[in-house]
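K.L.:
Here you go, this is final_23.pdb (PDB, C-alpha atoms).
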```pdb
ATOM      1  CA  MET U 986     128.047 201.913  52.468
ATOM      2  CA  GLY U 987     129.617 199.375  54.807
ATOM      3  CA  ALA U 988     132.584 197.050  54.421
ATOM      4  CA  LYS U 989     133.075 195.261  51.123
ATOM      5  CA  ILE U 990     132.298 191.545  50.787
ATOM      6  CA  THR U 991     133.789 189.247  48.169
ATOM      7  CA  VAL U 992     131.513 186.325  47.274
ATOM      8  CA  LEU U 993     133.446 183.342  45.909
ATOM      9  CA  LEU U 994     131.400 181.061  43.646
ATOM     10  CA  PRO U 995     133.228 177.976  42.307
ATOM     11  CA  THR U 996     131.458 176.213  39.450
ATOM     12  CA  TYR U 997     131.706 173.456  36.874
ATOM     13  CA  ASN U 998     129.367 172.824  33.908
ATOM     14  CA  ARG U 999     126.196 174.269  35.404
ATOM     15  CA  ALA U1000     125.516 177.238  33.141
ATOM     16  CA  THR U1001     122.116 175.871  32.106
ATOM     17  CA  THR U1002     121.068 174.315  35.417
ATOM     18  CA  PHE U1003     121.944 175.878  38.762
ATOM     19  CA  LEU U1004     124.397 178.702  38.080
ATOM     20  CA  PRO U1005     121.840 181.270  36.816
ATOM     21  CA  ASP U1006     119.861 181.124  40.068
ATOM     22  CA  ALA U1007     123.023 181.234  42.164
ATOM     23  CA  ILE U1008     124.263 184.399  40.461
ATOM     24  CA  ALA U1009     120.806 185.993  40.516
ATOM     25  CA  SER U1010     120.581 185.415  44.254
ATOM     26  CA  VAL U1011     123.745 187.457  44.777
ATOM     27  CA  LEU U1012     122.645 190.296  42.510
ATOM     28  CA  THR U1013     119.351 190.663  44.416
ATOM     29  CA  GLN U1014     121.012 191.125  47.810
ATOM     30  CA  THR U1015     119.817 194.029  49.948
ATOM     31  CA  TYR U1016     123.456 194.641  50.873
ATOM     32  CA  LYS U1017     125.049 196.186  47.793
ATOM     33  CA  ASN U1018     128.756 196.604  48.575
ATOM     34  CA  PHE U1019     129.998 193.297  47.219
ATOM     35  CA  GLU U1020     131.887 191.742  44.340
ATOM     36  CA  LEU U1021     131.174 188.290  42.946
ATOM     37  CA  ILE U1022     134.043 186.169  41.617
ATOM     38  CA  VAL U1023     132.996 183.100  39.642
ATOM     39  CA  GLY U1024     135.729 180.471  39.611
ATOM     40  CA  ASP U1025     135.284 178.180  36.608
ATOM     41  CA  ASN U1026     137.019 174.797  36.969
ATOM     42  CA  CYS U1027     137.487 174.318  33.204
ATOM     43  CA  SER U1028     133.832 173.899  32.299
ATOM     44  CA  THR U1029     133.084 172.425  28.875
ATOM     45  CA  ASP U1030     129.680 174.079  28.563
ATOM     46  CA  ASN U1031     128.945 177.786  27.994
ATOM     47  CA  THR U1032     129.777 178.892  31.533
ATOM     48  CA  GLU U1033     132.296 181.499  30.382
ATOM     49  CA  GLU U1034     129.930 183.010  27.825
ATOM     50  CA  PHE U1035     127.071 183.051  30.340
ATOM     51  CA  VAL U1036     129.007 184.755  33.134
ATOM     52  CA  LYS U1037     130.538 187.322  30.788
ATOM     53  CA  SER U1038     127.080 188.199  29.457
ATOM     54  CA  PHE U1039     126.397 190.120  32.670
ATOM     55  CA  LYS U1040     127.197 193.810  32.423
ATOM     56  CA  ASP U1041     127.440 194.262  36.186
ATOM     57  CA  LYS U1042     130.990 195.397  37.019
ATOM     58  CA  ARG U1043     130.790 193.648  40.378
ATOM     59  CA  ILE U1044     130.931 190.255  38.614
ATOM     60  CA  LYS U1045     134.380 188.911  37.792
ATOM     61  CA  TYR U1046     135.242 185.677  35.997
ATOM     62  CA  PHE U1047     138.240 183.431  36.567
ATOM     63  CA  LYS U1048     138.923 180.203  34.669
ATOM     64  CA  ALA U1049     141.394 177.604  35.921
ATOM     65  CA  LYS U1050     144.096 176.454  33.517
ATOM     66  CA  GLU U1051     143.229 172.839  34.296
ATOM     67  CA  ASN U1052     140.533 170.952  36.199
ATOM     68  CA  THR U1053     141.737 170.739  39.789
ATOM     69  CA  GLY U1054     138.914 168.558  41.136
ATOM     70  CA  THR U1055     138.456 170.886  44.102
ATOM     71  CA  PRO U1056     137.444 174.515  44.706
ATOM     72  CA  ASN U1057     140.248 174.922  47.260
ATOM     73  CA  THR U1058     142.831 176.236  44.809
ATOM     74  CA  PHE U1059     140.451 178.924  43.572
ATOM     75  CA  ILE U1060     139.330 179.877  47.091
ATOM     76  CA  ASN U1061     142.891 180.208  48.396
ATOM     77  CA  LYS U1062     144.121 182.214  45.409
ATOM     78  CA  ALA U1063     141.124 184.551  45.344
ATOM     79  CA  SER U1064     141.204 185.202  49.089
ATOM     80  CA  ARG U1065     144.821 186.336  48.840
ATOM     81  CA  THR U1066     144.189 188.495  45.770
ATOM     82  CA  VAL U1067     141.085 190.479  46.739
ATOM     83  CA  LYS U1068     141.095 193.448  49.095
ATOM     84  CA  SER U1069     137.676 193.032  50.703
ATOM     85  CA  LYS U1070     137.321 192.909  54.476
ATOM     86  CA  TYR U1071     134.994 189.907  54.338
ATOM     87  CA  ILE U1072     134.620 186.751  52.278
ATOM     88  CA  ALA U1073     131.443 184.774  51.661
ATOM     89  CA  PHE U1074     131.083 181.508  49.759
ATOM     90  CA  LEU U1075     128.330 180.261  47.473
ATOM     91  CA  ASP U1076     128.099 176.802  45.911
ATOM     92  CA  ASP U1077     126.788 176.848  42.355
ATOM     93  CA  ASP U1078     123.785 174.717  43.390
ATOM     94  CA  ALA U1079     122.864 176.921  46.332
ATOM     95  CA  ARG U1080     121.385 180.393  46.591
ATOM     96  CA  PHE U1081     121.263 183.281  49.021
ATOM     97  CA  PHE U1082     118.017 184.722  50.306
ATOM     98  CA  PRO U1083     117.900 188.525  49.837
ATOM     99  CA  LYS U1084     119.127 189.533  53.312
ATOM    100  CA  HIS U1085     121.916 186.949  53.474
ATOM    101  CA  LEU U1086     124.843 189.364  53.242
ATOM    102  CA  GLU U1087     123.102 192.140  55.157
ATOM    103  CA  MET U1088     122.380 190.026  58.227
ATOM    104  CA  LEU U1089     125.691 188.174  58.277
ATOM    105  CA  ILE U1090     127.788 191.318  58.024
ATOM    106  CA  ALA U1091     125.709 192.924  60.772
ATOM    107  CA  LYS U1092     126.630 189.987  63.017
ATOM    108  CA  ALA U1093     130.273 190.158  61.957
ATOM    109  CA  GLU U1094     130.430 193.856  62.789
ATOM    110  CA  GLU U1095     129.581 192.939  66.390
ATOM    111  CA  GLY U1096     133.158 191.673  66.578
ATOM    112  CA  TYR U1097     133.030 188.148  65.123
ATOM    113  CA  ARG U1098     135.714 186.963  62.692
ATOM    114  CA  ILE U1099     133.480 184.159  61.439
ATOM    115  CA  CYS U1100     129.679 183.917  61.282
ATOM    116  CA  HIS U1101     127.166 181.456  59.927
ATOM    117  CA  CYS U1102     123.423 181.451  59.355
ATOM    118  CA  TYR U1103     120.664 178.884  59.446
ATOM    119  CA  ALA U1104     119.816 177.295  56.101
ATOM    120  CA  ILE U1105     117.333 175.033  54.371
ATOM    121  CA  ASN U1106     118.088 171.924  52.331
ATOM    122  CA  SER U1107     115.685 171.419  49.440
ATOM    123  CA  TYR U1108     115.661 167.916  47.977
ATOM    124  CA  ILE U1109     114.828 168.038  44.270
ATOM    125  CA  ASP U1110     114.207 165.430  41.588
ATOM    126  CA  SER U1111     115.444 165.363  37.987
ATOM    127  CA  HIS U1112     112.680 167.806  37.017
ATOM    128  CA  PHE U1113     113.727 170.273  39.718
ATOM    129  CA  ASN U1114     110.616 169.570  41.789
ATOM    130  CA  VAL U1115     111.085 169.879  45.555
ATOM    131  CA  SER U1116     110.162 166.654  47.348
ATOM    132  CA  GLU U1117     111.319 167.531  50.868
ATOM    133  CA  GLN U1118     112.862 170.385  52.827
ATOM    134  CA  LEU U1119     114.977 170.280  55.965
ATOM    135  CA  ILE U1120     115.928 173.263  58.126
ATOM    136  CA  ARG U1121     119.529 173.189  59.270
ATOM    137  CA  GLY U1122     121.089 175.188  62.090
ATOM    138  CA  LYS U1123     121.633 175.446  65.840
ATOM    139  CA  ASP U1124     123.609 177.367  68.427
ATOM    140  CA  PHE U1125     127.336 176.908  67.960
ATOM    141  CA  ASP U1126     129.281 174.909  70.542
ATOM    142  CA  ARG U1127     133.003 174.681  69.825
ATOM    143  CA  SER U1128     133.769 171.426  71.619
ATOM    144  CA  SER U1129     130.847 169.456  70.189
ATOM    145  CA  PHE U1130     131.466 170.827  66.696
ATOM    146  CA  ILE U1131     135.106 169.736  66.706
ATOM    147  CA  ALA U1132     134.306 166.377  68.290
ATOM    148  CA  GLY U1133     131.500 165.678  65.827
ATOM    149  CA  GLY U1134     133.794 165.827  62.828
ATOM    150  CA  ALA U1135     132.935 166.414  59.186
ATOM    151  CA  TYR U1136     130.320 163.660  59.038
ATOM    152  CA  TYR U1137     128.167 165.478  61.606
ATOM    153  CA  ASN U1138     128.794 168.962  60.271
ATOM    154  CA  TYR U1139     125.669 171.117  59.972
ATOM    155  CA  ILE U1140     127.331 174.247  58.525
ATOM    156  CA  ASP U1141     127.843 174.519  54.771
ATOM    157  CA  GLN U1142     130.398 176.921  53.341
ATOM    158  CA  SER U1143     127.544 178.816  51.655
ATOM    159  CA  ASP U1144     126.282 179.694  55.156
ATOM    160  CA  ILE U1145     129.550 181.353  56.177
ATOM    161  CA  LEU U1146     130.865 184.914  56.252
ATOM    162  CA  LEU U1147     134.389 185.391  57.527
ATOM    163  CA  ASP U1148     137.079 187.981  57.990
ATOM    164  CA  ARG U1149     139.459 187.657  55.043
ATOM    165  CA  LYS U1150     142.602 188.389  57.057
ATOM    166  CA  ALA U1151     141.646 185.775  59.655
ATOM    167  CA  PHE U1152     141.193 183.239  56.846
ATOM    168  CA  ILE U1153     144.644 184.029  55.453
ATOM    169  CA  GLU U1154     146.251 183.964  58.904
ATOM    170  CA  PHE U1155     145.408 180.288  59.379
ATOM    171  CA  GLY U1156     146.710 179.475  55.904
ATOM    172  CA  GLY U1157     143.463 179.077  53.974
ATOM    173  CA  ILE U1158     142.343 175.546  53.072
ATOM    174  CA  ARG U1159     144.673 172.648  52.400
ATOM    175  CA  GLU U1160     144.756 171.973  48.684
ATOM    176  CA  ASP U1161     143.943 168.288  49.273
ATOM    177  CA  ALA U1162     141.179 168.859  51.819
ATOM    178  CA  GLY U1163     137.628 167.691  51.322
ATOM    179  CA  TYR U1164     134.671 168.938  53.382
ATOM    180  CA  GLN U1165     135.791 172.544  52.965
ATOM    181  CA  ASP U1166     132.926 173.885  55.044
ATOM    182  CA  TYR U1167     133.911 171.867  58.110
ATOM    183  CA  ALA U1168     137.600 172.641  57.565
ATOM    184  CA  ILE U1169     137.017 176.402  57.486
ATOM    185  CA  VAL U1170     134.864 176.524  60.614
ATOM    186  CA  ALA U1171     136.914 173.980  62.577
ATOM    187  CA  LYS U1172     140.170 175.874  62.070
ATOM    188  CA  LEU U1173     138.807 179.371  62.673
ATOM    189  CA  CYS U1174     136.728 178.478  65.732
ATOM    190  CA  MET U1175     139.839 177.299  67.569
ATOM    191  CA  LYS U1176     140.953 180.918  67.775
ATOM    192  CA  HIS U1177     137.782 182.957  67.307
ATOM    193  CA  ASP U1178     134.212 182.924  68.595
ATOM    194  CA  VAL U1179     131.572 182.088  65.996
ATOM    195  CA  GLY U1180     128.617 184.410  65.467
ATOM    196  CA  VAL U1181     125.292 182.794  64.659
ATOM    197  CA  VAL U1182     122.397 184.325  62.714
ATOM    198  CA  THR U1183     119.299 182.269  63.505
ATOM    199  CA  GLU U1184     117.482 183.338  60.347
ATOM    200  CA  ILE U1185     117.294 180.993  57.326
ATOM    201  CA  LEU U1186     119.407 182.850  54.769
ATOM    202  CA  THR U1187     120.641 180.102  52.422
ATOM    203  CA  GLU U1188     118.967 177.392  50.352
ATOM    204  CA  HIS U1189     120.923 174.311  49.295
ATOM    205  CA  LEU U1190     119.619 172.083  46.516
ATOM    206  CA  ILE U1191     120.199 168.394  47.243
ATOM    207  CA  HIS U1192     120.092 166.445  43.987
ATOM    208  CA  LYS U1193     121.576 163.885  41.613
ATOM    209  CA  ILE U1194     120.993 165.911  38.469
ATOM    210  CA  ASP U1195     124.607 166.201  37.354
ATOM    211  CA  SER U1196     128.169 165.596  38.442
ATOM    212  CA  ASP U1197     129.943 167.511  41.163
ATOM    213  CA  TYR U1198     132.866 169.880  40.819
ATOM    214  CA  THR U1199     134.863 167.670  38.452
ATOM    215  CA  ALA U1200     134.144 165.407  35.527
ATOM    216  CA  ASP U1201     137.318 163.439  36.141
ATOM    217  CA  PRO U1202     136.881 160.937  39.032
ATOM    218  CA  LYS U1203     140.595 160.763  39.752
ATOM    219  CA  ASN U1204     140.551 164.482  40.553
ATOM    220  CA  ASN U1205     137.630 164.300  42.980
ATOM    221  CA  ILE U1206     139.210 164.922  46.384
ATOM    222  CA  LEU U1207     137.184 163.572  49.298
ATOM    223  CA  ARG U1208     139.729 163.464  52.104
ATOM    224  CA  ILE U1209     139.335 164.996  55.543
ATOM    225  CA  ASN U1210     142.745 166.643  55.786
ATOM    226  CA  ILE U1211     142.173 170.018  57.408
ATOM    227  CA  PHE U1212     145.271 170.796  59.469
TER     228      PHE U1212
END
```
Go ahead and express the file in the form of structure tokens.
P.N.:
Amino acid sequence: MGAKITVLLPTYNRATTFLPDAIASVLTQTYKNFELIVGDNCSTDNTEEFVKSFKDKRIKYFKAKENTGTPNTFINKASRTVKSKYIAFLDDDARFFPKHLEMLIAKAEEGYRICHCYAINSYIDSHFNVSEQLIRGKDFDRSSFIAGGAYYNYIDQSDILLDRKAFIEFGGIREDAGYQDYAIVAKLCMKHDVGVVTEILTEHLIHKIDSDYTADPKNNILRINIF
């Protein structure tokens, strides 16, 4: 059956827009040994009702007690609670292609503690029409990745599969860190080689349709504190 993967999906108020496609993309994976944990950051829509409508036992729902303005709290808590060997991430406005988990875990089983895949950015308008697409990905070079910083990062957290114990060993993500994708890769790559899958396995929707992870601007953390 293969090692178990926990997919962490943080969300906020997207039950009628992006979340259905995100969840569906996990359920249609060719790799079946996974669990999906949806972390709800105090949504005010019907997110809870929607997620709990699924009868698949692999889907679990967690709701924060208050809006934290960042997915970091959920990611850190979930990664320490689950027992899976691997962790994958999925933004609620992104989606996996069917072989996403299968191909990333195959790369990880070659001995990598962290892997990422190529991805495609789809730019959509208010009617969800795609106006432009951009392929994202290249061979990983540690020195240039670190030197480039978050502003030149080409790896999104939805492109990543990592060893859960390795993630915990470096302390997870700082609670006040922005650019979580860069933070995760930058910290892990200092100790471990990064495996690269050159197939496009993730689609990210670039849009201005709704707000981001928080409805409260004072909670929206955009700092680059990673260490």
K.L.:
Under the PyMOL selection byres ((chain U and resi 1121) around 9), which residues of this model are included? Write them out as an MDAnalysis selection string.
P.N.:
chainID U and resid 1103:1106 1119:1120 1122:1123 1139:1140 1185
K.L.:
Next, write the just-selected residues to a file, as a JSON list (two decimals), in the coordinates of the input, keeping C-alpha atoms as the atom set.
P.N.:
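To be explicit, this is the file written out as selection.json:
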```json
[["chain", "number", "residue", "atom", "x", "y", "z"],
["U", 1103, "TYR", "CA", 120.66, 178.88, 59.45],
["U", 1104, "ALA", "CA", 119.82, 177.30, 56.10],
["U", 1105, "ILE", "CA", 117.33, 175.03, 54.37],
["U", 1106, "ASN", "CA", 118.09, 171.92, 52.33],
["U", 1119, "LEU", "CA", 114.98, 170.28, 55.96],
["U", 1120, "ILE", "CA", 115.93, 173.26, 58.13],
["U", 1122, "GLY", "CA", 121.09, 175.19, 62.09],
["U", 1123, "LYS", "CA", 121.63, 175.45, 65.84],
["U", 1139, "TYR", "CA", 125.67, 171.12, 59.97],
["U", 1140, "ILE", "CA", 127.33, 174.25, 58.52],
["U", 1185, "ILE", "CA", 117.29, 180.99, 57.33]]
```
K.L.:
Mind giving me the straight-line distance from CA of Asn1114 in chain U to CA of Leu1186 in chain U in Å, one decimal?
P.N.:
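Rounded to one decimal, the two atoms are 20.5 Å apart.
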K.L.:
List, as a PyMOL selection string, every residue that the PyMOL selection byres ((chain U and resi 989-1003) around 6) selects in the file provided.
P.N.:
chain U and resi 988+1004-1006+1018-1026+1028+1030+1032+1056+1069-1078+1198
K.L.:
Using CA of Lys1176 in chain U and CA of Met1088 in chain U as the two end points, give the distance in Å to one decimal.
P.N.:
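Computing the Euclidean distance for CA of Lys1176 in chain U and CA of Met1088 in chain U yields 22.8 Å.
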K.L.:
So how many Å separate CA of Leu1173 in chain U and CA of Tyr1137 in chain U, to one decimal?
P.N.:
17.5 Å
K.L.:
Pick the closest to Arg1065 in chain U from U:Leu1089, U:Ile1153, U:Ile1194, U:Ala1168: which is it, counting all atoms listed in the file?
P.N.:
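Smallest separation from Arg1065 in chain U among the options: U:Ile1153.
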K.L.:
Near Leu1012 in chain U, counting only C-alpha atoms, which residues have an atom at most 9 Å away, once you skip same-chain residues fewer than 4 positions from it, shown as a VMD selection string?
P.N.:
chain U and resid 1008 1017 1021 1041 1083
K.L.:
With C-alpha atoms retained, write the just-selected residues as a PDB file, keeping the file's coordinate frame.
P.N.:
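Result saved to part_28.pdb:
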```
ATOM      1  CA  ILE U1008     124.263 184.399  40.461  1.00  0.00           C
ATOM      2  CA  LYS U1017     125.049 196.186  47.793  1.00  0.00           C
ATOM      3  CA  LEU U1021     131.174 188.290  42.946  1.00  0.00           C
ATOM      4  CA  ASP U1041     127.440 194.262  36.186  1.00  0.00           C
ATOM      5  CA  PRO U1083     117.900 188.525  49.837  1.00  0.00           C
TER       6      PRO U1083
END
```
K.L.:
Let me know the centre plus edge lengths, in Å and rounded to one decimal, of a box with edges along x, y and z that contains all listed atoms of range 987-1006 of chain U and is padded by 8 Å on every side, as AutoDock Vina command-line options.
P.N.:
```
--center_x 126.8 --center_y 186.1 --center_z 43.5 --size_x 29.9 --size_y 42.6 --size_z 38.7
```
K.L.:
For each of U:Val1181, U:Val1011, U:Ala1049, U:Cys1174, take the minimum atom-to-atom distance to Glu1095 in chain U, counting only C-alpha atoms, then give the residue where this is smallest.
P.N.:
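Going through U:Val1181, U:Val1011, U:Ala1049, U:Cys1174 one by one, the smallest distance to Glu1095 in chain U is for U:Val1181.
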K.L.:
Choose the residue, out of U:Asp1148, U:Glu1094, U:Glu1188, U:Asp1178, that has the smallest atom-to-atom separation from Val1115 in chain U; count all atoms listed in the file.
P.N.:
U:Glu1188
K.L.:
Ranking U:Ala1151, U:Leu1086, U:Ile1099, U:Ile1169 by minimum distance to Gln1014 in chain U and counting only C-alpha atoms, which one comes first?
P.N.:
U:Leu1086
K.L.:
Give the answer as one residue: which of U:Arg1159, U:Lys1150, U:Lys1045, U:Arg1127 has the shortest atom-to-atom distance to Arg1098 in chain U, using all atoms listed in the file?
P.N.:
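The answer is U:Lys1150, which sits nearest to Arg1098 in chain U.
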K.L.:
Could you tell me which of U:Thr1029, U:Met1175, U:Ile1145, U:Val1036 comes closest to Lys1092 in chain U if we count all atoms listed in the file?
P.N.:
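Of U:Thr1029, U:Met1175, U:Ile1145, U:Val1036, the one nearest Lys1092 in chain U, counting all atoms listed in the file, is U:Ile1145.
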